[in-house]
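Participant: I am sharing protein20.cif, which consists of mmCIF, C-alpha atoms, pLDDT in the B column; chains and numbers go by the auth columns:
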data_run
loop_
_atom_site.group_PDB
_atom_site.id
_atom_site.type_symbol
_atom_site.label_atom_id
_atom_site.label_comp_id
_atom_site.label_asym_id
_atom_site.label_seq_id
_atom_site.Cartn_x
_atom_site.Cartn_y
_atom_site.Cartn_z
_atom_site.B_iso_or_equiv
_atom_site.auth_seq_id
_atom_site.auth_asym_id
ATOM 1 C CA MET A 1 30.066 28.054 4.470 48.00 724 A
ATOM 2 C CA SER A 2 29.891 31.715 5.378 55.00 725 A
ATOM 3 C CA ALA A 3 31.901 33.273 8.181 60.00 726 A
ATOM 4 C CA PRO A 4 29.988 34.333 11.282 62.00 727 A
ATOM 5 C CA ASN A 5 29.061 37.973 11.510 63.00 728 A
ATOM 6 C CA PRO A 6 31.508 39.670 13.920 67.00 729 A
ATOM 7 C CA TYR A 7 28.992 42.463 14.532 64.00 730 A
ATOM 8 C CA ALA A 8 26.109 40.187 15.521 61.00 731 A
ATOM 9 C CA SER A 9 24.552 40.769 18.890 65.00 732 A
ATOM 10 C CA PRO A 10 24.774 38.020 21.520 64.00 733 A
ATOM 11 C CA ALA A 11 21.026 37.438 21.165 60.00 734 A
ATOM 12 C CA GLU A 12 21.416 36.752 17.431 59.00 735 A
ATOM 13 C CA ILE A 13 24.255 34.326 18.102 59.00 736 A
ATOM 14 C CA VAL A 14 22.193 32.501 20.735 55.00 737 A
ATOM 15 C CA ASP A 15 19.185 32.376 18.377 59.00 738 A
ATOM 16 C CA ALA A 16 21.342 30.871 15.634 59.00 739 A
ATOM 17 C CA GLU A 17 22.697 28.229 18.021 62.00 740 A
ATOM 18 C CA VAL A 18 19.192 27.396 19.246 62.00 741 A
ATOM 19 C CA ALA A 19 18.023 27.023 15.644 62.00 742 A
ATOM 20 C CA LYS A 20 20.901 24.626 14.893 64.00 743 A
ATOM 21 C CA LEU A 21 20.065 22.533 17.956 63.00 744 A
ATOM 22 C CA ARG A 22 16.384 22.463 16.974 68.00 745 A
ATOM 23 C CA GLN A 23 17.227 21.253 13.466 66.00 746 A
ATOM 24 C CA ARG A 24 19.537 18.601 14.880 67.00 747 A
ATOM 25 C CA ASP A 25 16.851 17.472 17.318 75.00 748 A
ATOM 26 C CA GLU A 26 14.425 17.001 14.423 81.00 749 A
ATOM 27 C CA LEU A 27 16.826 15.164 12.093 86.00 750 A
ATOM 28 C CA LEU A 28 18.711 12.991 14.561 88.00 751 A
ATOM 29 C CA PRO A 29 15.871 10.606 15.558 90.00 752 A
ATOM 30 C CA VAL A 30 15.038 9.945 11.894 89.00 753 A
ATOM 31 C CA ALA A 31 18.655 9.248 10.997 90.00 754 A
ATOM 32 C CA ILE A 32 19.246 7.062 14.050 91.00 755 A
ATOM 33 C CA THR A 33 16.130 5.018 13.278 90.00 756 A
ATOM 34 C CA LEU A 34 17.303 4.480 9.697 90.00 757 A
ATOM 35 C CA ILE A 35 20.777 3.535 10.921 91.00 758 A
ATOM 36 C CA VAL A 36 19.444 1.057 13.493 91.00 759 A
ATOM 37 C CA PHE A 37 17.053 -0.602 11.019 88.00 760 A
ATOM 38 C CA SER A 38 19.738 -0.787 8.328 88.00 761 A
ATOM 39 C CA VAL A 39 22.362 -2.277 10.643 91.00 762 A
ATOM 40 C CA LEU A 40 19.792 -4.768 11.930 90.00 763 A
ATOM 41 C CA TRP A 41 18.883 -5.785 8.394 89.00 764 A
ATOM 42 C CA ILE A 42 22.557 -6.099 7.389 91.00 765 A
ATOM 43 C CA PHE A 43 23.142 -8.369 10.373 93.00 766 A
ATOM 44 C CA LEU A 44 20.090 -10.491 9.556 89.00 767 A
ATOM 45 C CA GLY A 45 21.055 -10.609 5.875 88.00 768 A
ATOM 46 C CA LEU A 46 24.555 -11.826 6.683 91.00 769 A
ATOM 47 C CA ASN A 47 23.028 -14.495 8.910 91.00 770 A
ATOM 48 C CA GLY A 48 20.746 -15.502 6.027 85.00 771 A
ATOM 49 C CA LEU A 49 23.680 -15.758 3.650 86.00 772 A
ATOM 50 C CA ALA A 50 25.574 -17.897 6.150 88.00 773 A
ATOM 51 C CA PHE A 51 22.527 -20.097 6.660 85.00 774 A
ATOM 52 C CA PHE A 52 22.048 -20.707 2.935 80.00 775 A
ATOM 53 C CA TYR A 53 25.744 -21.371 2.415 80.00 776 A
ATOM 54 C CA ILE A 54 26.079 -23.742 5.381 81.00 777 A
ATOM 55 C CA THR A 55 22.944 -25.721 4.566 78.00 778 A
ATOM 56 C CA THR A 56 23.994 -26.166 0.952 75.00 779 A
ATOM 57 C CA ALA A 57 27.534 -27.085 2.015 71.00 780 A
ATOM 58 C CA ILE A 58 26.094 -29.770 4.299 73.00 781 A
ATOM 59 C CA ALA A 59 23.871 -31.028 1.492 69.00 782 A
ATOM 60 C CA SER A 60 26.799 -31.140 -0.924 67.00 783 A
ATOM 61 C CA ALA A 61 28.932 -32.915 1.677 62.00 784 A
ATOM 62 C CA GLU A 62 26.279 -35.622 1.762 65.00 785 A
ATOM 63 C CA ALA A 63 26.876 -35.987 -1.995 59.00 786 A
ATOM 64 C CA GLN A 64 23.521 -34.702 -3.139 62.00 787 A
ATOM 65 C CA PRO A 65 23.914 -33.643 -6.750 63.00 788 A
ATOM 66 C CA GLY A 66 22.692 -30.131 -7.509 61.00 789 A
ATOM 67 C CA ALA A 67 22.752 -28.941 -3.889 56.00 790 A
ATOM 68 C CA PHE A 68 23.720 -25.397 -4.902 60.00 791 A
ATOM 69 C CA ASP A 69 21.230 -25.154 -7.794 65.00 792 A
ATOM 70 C CA GLY A 70 18.282 -23.556 -6.011 67.00 793 A
ATOM 71 C CA VAL A 71 20.178 -21.408 -3.543 71.00 794 A
ATOM 72 C CA TRP A 72 21.858 -18.806 -5.763 76.00 795 A
ATOM 73 C CA LEU A 73 18.756 -16.702 -6.366 79.00 796 A
ATOM 74 C CA PRO A 74 17.888 -16.205 -2.658 79.00 797 A
ATOM 75 C CA MET A 75 21.537 -15.498 -1.878 81.00 798 A
ATOM 76 C CA LEU A 76 21.654 -12.919 -4.676 85.00 799 A
ATOM 77 C CA GLY A 77 18.491 -11.274 -3.320 84.00 800 A
ATOM 78 C CA ILE A 78 19.905 -11.084 0.187 85.00 801 A
ATOM 79 C CA ALA A 79 23.208 -9.695 -1.102 87.00 802 A
ATOM 80 C CA THR A 80 21.311 -7.027 -3.069 89.00 803 A
ATOM 81 C CA THR A 81 19.360 -5.922 -0.010 87.00 804 A
ATOM 82 C CA ILE A 82 22.579 -5.779 2.032 90.00 805 A
ATOM 83 C CA LEU A 83 24.126 -3.432 -0.553 91.00 806 A
ATOM 84 C CA TYR A 84 20.901 -1.396 -0.531 90.00 807 A
ATOM 85 C CA GLN A 85 21.194 -1.061 3.253 90.00 808 A
ATOM 86 C CA PHE A 86 24.708 0.346 2.881 93.00 809 A
ATOM 87 C CA VAL A 87 23.263 2.993 0.530 91.00 810 A
ATOM 88 C CA LEU A 88 20.646 3.848 3.176 90.00 811 A
ATOM 89 C CA LEU A 89 23.355 4.026 5.845 92.00 812 A
ATOM 90 C CA SER A 90 25.306 6.453 3.694 92.00 813 A
ATOM 91 C CA GLY A 91 22.253 8.679 3.314 91.00 814 A
ATOM 92 C CA ALA A 92 21.440 8.516 7.019 91.00 815 A
ATOM 93 C CA PHE A 93 24.965 9.625 7.905 90.00 816 A
ATOM 94 C CA SER A 94 24.628 12.412 5.342 87.00 817 A
ATOM 95 C CA MET A 95 21.458 13.458 7.146 87.00 818 A
ATOM 96 C CA VAL A 96 23.272 13.536 10.488 86.00 819 A
ATOM 97 C CA ARG A 97 26.126 15.627 9.054 84.00 820 A
ATOM 98 C CA LYS A 98 23.693 17.789 7.055 80.00 821 A
ATOM 99 C CA GLY A 99 25.846 17.092 4.021 81.00 822 A
ATOM 100 C CA SER A 100 23.563 16.926 1.010 85.00 823 A
ATOM 101 C CA TYR A 101 19.862 17.702 1.166 88.00 824 A
ATOM 102 C CA VAL A 102 19.182 15.861 -2.088 91.00 825 A
ATOM 103 C CA TRP A 103 20.956 12.719 -0.878 91.00 826 A
ATOM 104 C CA ALA A 104 19.169 12.815 2.502 90.00 827 A
ATOM 105 C CA PHE A 105 15.793 13.253 0.782 92.00 828 A
ATOM 106 C CA ALA A 106 16.559 10.483 -1.732 92.00 829 A
ATOM 107 C CA THR A 107 17.482 8.192 1.152 91.00 830 A
ATOM 108 C CA CYS A 108 14.140 8.797 2.817 90.00 831 A
ATOM 109 C CA CYS A 109 12.372 8.090 -0.474 91.00 832 A
ATOM 110 C CA LEU A 110 14.403 4.883 -0.921 89.00 833 A
ATOM 111 C CA ALA A 111 13.489 3.814 2.612 88.00 834 A
ATOM 112 C CA CYS A 112 9.840 3.872 1.547 88.00 835 A
ATOM 113 C CA VAL A 113 10.327 1.062 -0.997 84.00 836 A
ATOM 114 C CA PRO A 114 8.574 -1.809 0.798 79.00 837 A
ATOM 115 C CA ILE A 115 10.543 -4.762 -0.600 75.00 838 A
ATOM 116 C CA LEU A 116 14.092 -3.486 -0.083 72.00 839 A
ATOM 117 C CA THR A 117 13.516 -1.281 2.931 68.00 840 A
ATOM 118 C CA PRO A 118 15.152 -2.196 6.243 61.00 841 A
ATOM 119 C CA CYS A 119 12.960 -4.614 8.192 65.00 842 A
ATOM 120 C CA TYR A 120 10.462 -4.485 5.317 69.00 843 A
ATOM 121 C CA PHE A 121 7.407 -2.401 6.269 76.00 844 A
ATOM 122 C CA LEU A 122 8.970 -1.065 9.484 78.00 845 A
ATOM 123 C CA GLY A 123 11.491 0.833 7.362 77.00 846 A
ATOM 124 C CA MET A 124 8.724 2.853 5.747 85.00 847 A
ATOM 125 C CA ILE A 125 8.060 4.633 9.040 86.00 848 A
ATOM 126 C CA PRO A 126 11.418 6.489 9.236 87.00 849 A
ATOM 127 C CA GLY A 127 11.269 7.048 5.468 88.00 850 A
ATOM 128 C CA ILE A 128 7.942 8.890 5.625 91.00 851 A
ATOM 129 C CA TRP A 129 8.948 10.607 8.865 90.00 852 A
ATOM 130 C CA GLY A 130 12.190 11.790 7.245 90.00 853 A
ATOM 131 C CA ILE A 131 10.368 13.164 4.200 92.00 854 A
ATOM 132 C CA ILE A 132 8.062 15.146 6.478 93.00 855 A
ATOM 133 C CA VAL A 133 10.976 16.536 8.517 91.00 856 A
ATOM 134 C CA LEU A 134 13.111 17.343 5.480 89.00 857 A
ATOM 135 C CA ARG A 135 10.287 19.295 3.841 90.00 858 A
ATOM 136 C CA ARG A 136 10.248 21.848 6.678 87.00 859 A
ATOM 137 C CA PRO A 137 11.728 25.182 5.552 84.00 860 A
ATOM 138 C CA HIS A 138 14.075 25.656 8.512 80.00 861 A
ATOM 139 C CA VAL A 139 15.516 22.162 8.014 83.00 862 A
ATOM 140 C CA ARG A 140 16.107 22.896 4.322 83.00 863 A
ATOM 141 C CA ALA A 141 17.853 26.094 5.311 79.00 864 A
ATOM 142 C CA ALA A 142 20.122 24.133 7.673 78.00 865 A
ATOM 143 C CA PHE A 143 21.384 22.075 4.733 79.00 866 A
ATOM 144 C CA ARG A 144 22.030 25.201 2.675 68.00 867 A
ATOM 145 C CA THR A 145 24.109 26.900 5.360 64.00 868 A
ATOM 146 C CA ASN A 146 26.440 23.949 5.883 58.00 869 A
#
What would the structure in this file look like if it were written as structure tokens?
Facilitator:
Amino acid sequence: MSAPNPYASPAEIVDAEVAKLRQRDELLPVAITLIVFSVLWIFLGLNGLAFFYITTAIASAEAQPGAFDGVWLPMLGIATTILYQFVLLSGAFSMVRKGSYVWAFATCCLACVPILTPCYFLGMIPGIWGIIVLRRPHVRAAFRTN
């Protein structure tokens, strides 16, 4: 991160601050949408895991042999999508902090995967929106300066 120019005119300083606010205003809605969808999907996934576990525990309490046999694959799928959502959350927070451009762009690309995306096809919307915003030159420059 470079030090601010001590000889810059007040107009240049104001222009730089306005540019930072503009970049934040473009990135923040995308990141917040990804965060909300990911948290929602994590919550729903945890509820799904609890549902599968409780229903199989009830079935095994009723002494049904093989109650847990058919439930491991759906539980593994839900657990995988929950971990995937934590990856998307990490990228969305990176986008908010303007940490890594590559990680923010990869997160938007990962959000476009229809099976694992948060809330399935609804998650593609912030993914495509984020790709469009991140491809703008002034947004790229904001990641380079931080």
Participant: Between atom CA of A:Thr830 and atom CA of A:Glu749, what distance in Å does the model show, to one decimal?
Facilitator: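 So the answer is 16.2 Å.
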Participant: Which of these, A:Gly822, A:Leu812, A:Leu772, A:Thr779, has the shortest distance to A:Leu799 once you count only C-alpha atoms?
Facilitator: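 Distance minimum relative to A:Leu799 lands on A:Leu772.
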Participant: Quick one: residues within 8 Å of stretch 800-804 of chain A, only C-alpha atoms, excluding same-chain residues fewer than 6 positions away - as a list in words?
Facilitator: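 Once the nearby chain positions are removed, what remains is Gly768, Gly771, Leu772 and Leu839 of chain A.
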Participant: Interatomic distance between atom CA of A:Ser813 and atom CA of A:Val794?
Facilitator: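 Atom-to-atom, atom CA of A:Ser813 and atom CA of A:Val794 are spaced 29.2 Å apart.
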Participant: Please measure the separation of atom CA of A:Gly814 and atom CA of A:Trp826, giving the value in Å to one decimal.
Facilitator: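 Straight-line distance from atom CA of A:Gly814 to atom CA of A:Trp826 works out to 6.0 Å.
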Participant: Which residue is closest to A:Phe816? Choose from A:Ala864, A:Cys831, A:Leu796, A:Leu845 and count all atoms listed in the file.
Facilitator: A:Cys831
Participant: Once the PyMOL selection byres ((chain A and resi 836) around 12) has been evaluated on this model, what residues remain selected, and can you format them as a PDB file with C-alpha atoms, keeping the file's coordinate frame?
Facilitator:
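Everything below was put into selection.pdb:
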ATOM      1  CA  THR A 804      19.360  -5.922  -0.010  1.00 87.00           C
ATOM      2  CA  TYR A 807      20.901  -1.396  -0.531  1.00 90.00           C
ATOM      3  CA  GLN A 808      21.194  -1.061   3.253  1.00 90.00           C
ATOM      4  CA  LEU A 811      20.646   3.848   3.176  1.00 90.00           C
ATOM      5  CA  ALA A 829      16.559  10.483  -1.732  1.00 92.00           C
ATOM      6  CA  THR A 830      17.482   8.192   1.152  1.00 91.00           C
ATOM      7  CA  CYS A 831      14.140   8.797   2.817  1.00 90.00           C
ATOM      8  CA  CYS A 832      12.372   8.090  -0.474  1.00 91.00           C
ATOM      9  CA  LEU A 833      14.403   4.883  -0.921  1.00 89.00           C
ATOM     10  CA  ALA A 834      13.489   3.814   2.612  1.00 88.00           C
ATOM     11  CA  CYS A 835       9.840   3.872   1.547  1.00 88.00           C
ATOM     12  CA  PRO A 837       8.574  -1.809   0.798  1.00 79.00           C
ATOM     13  CA  ILE A 838      10.543  -4.762  -0.600  1.00 75.00           C
ATOM     14  CA  LEU A 839      14.092  -3.486  -0.083  1.00 72.00           C
ATOM     15  CA  THR A 840      13.516  -1.281   2.931  1.00 68.00           C
ATOM     16  CA  PRO A 841      15.152  -2.196   6.243  1.00 61.00           C
ATOM     17  CA  CYS A 842      12.960  -4.614   8.192  1.00 65.00           C
ATOM     18  CA  TYR A 843      10.462  -4.485   5.317  1.00 69.00           C
ATOM     19  CA  PHE A 844       7.407  -2.401   6.269  1.00 76.00           C
ATOM     20  CA  LEU A 845       8.970  -1.065   9.484  1.00 78.00           C
ATOM     21  CA  GLY A 846      11.491   0.833   7.362  1.00 77.00           C
ATOM     22  CA  MET A 847       8.724   2.853   5.747  1.00 85.00           C
ATOM     23  CA  ILE A 848       8.060   4.633   9.040  1.00 86.00           C
ATOM     24  CA  PRO A 849      11.418   6.489   9.236  1.00 87.00           C
ATOM     25  CA  GLY A 850      11.269   7.048   5.468  1.00 88.00           C
ATOM     26  CA  ILE A 851       7.942   8.890   5.625  1.00 91.00           C
TER      27      ILE A 851
END
Participant: Would you mind listing what lies within 12 Å of A:Arg858 as a PyMOL selection string, with all atoms listed in the file counted and same-chain residues fewer than 5 positions away left out?
Facilitator: chain A and resi 749-750+824-825+827-828+831+851-853+863-866
Participant: So, with only C-alpha atoms as the atoms that count, which of A:Ala773, A:Met798, A:Met818, A:Leu763 lies closest to A:Ile854?
Facilitator: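 Comparing A:Ala773, A:Met798, A:Met818, A:Leu763 against A:Ile854, the winner is A:Met818.
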Participant: Assuming 6 Å of padding per side, give the centre and edge lengths of the axis-aligned box around every listed atom of stretch 803-813 of chain A, in Å to one decimal and as AutoDock Vina command-line options.
Facilitator:
--center_x 22.3 --center_y -0.3 --center_z 1.4 --size_x 17.9 --size_y 25.5 --size_z 20.9
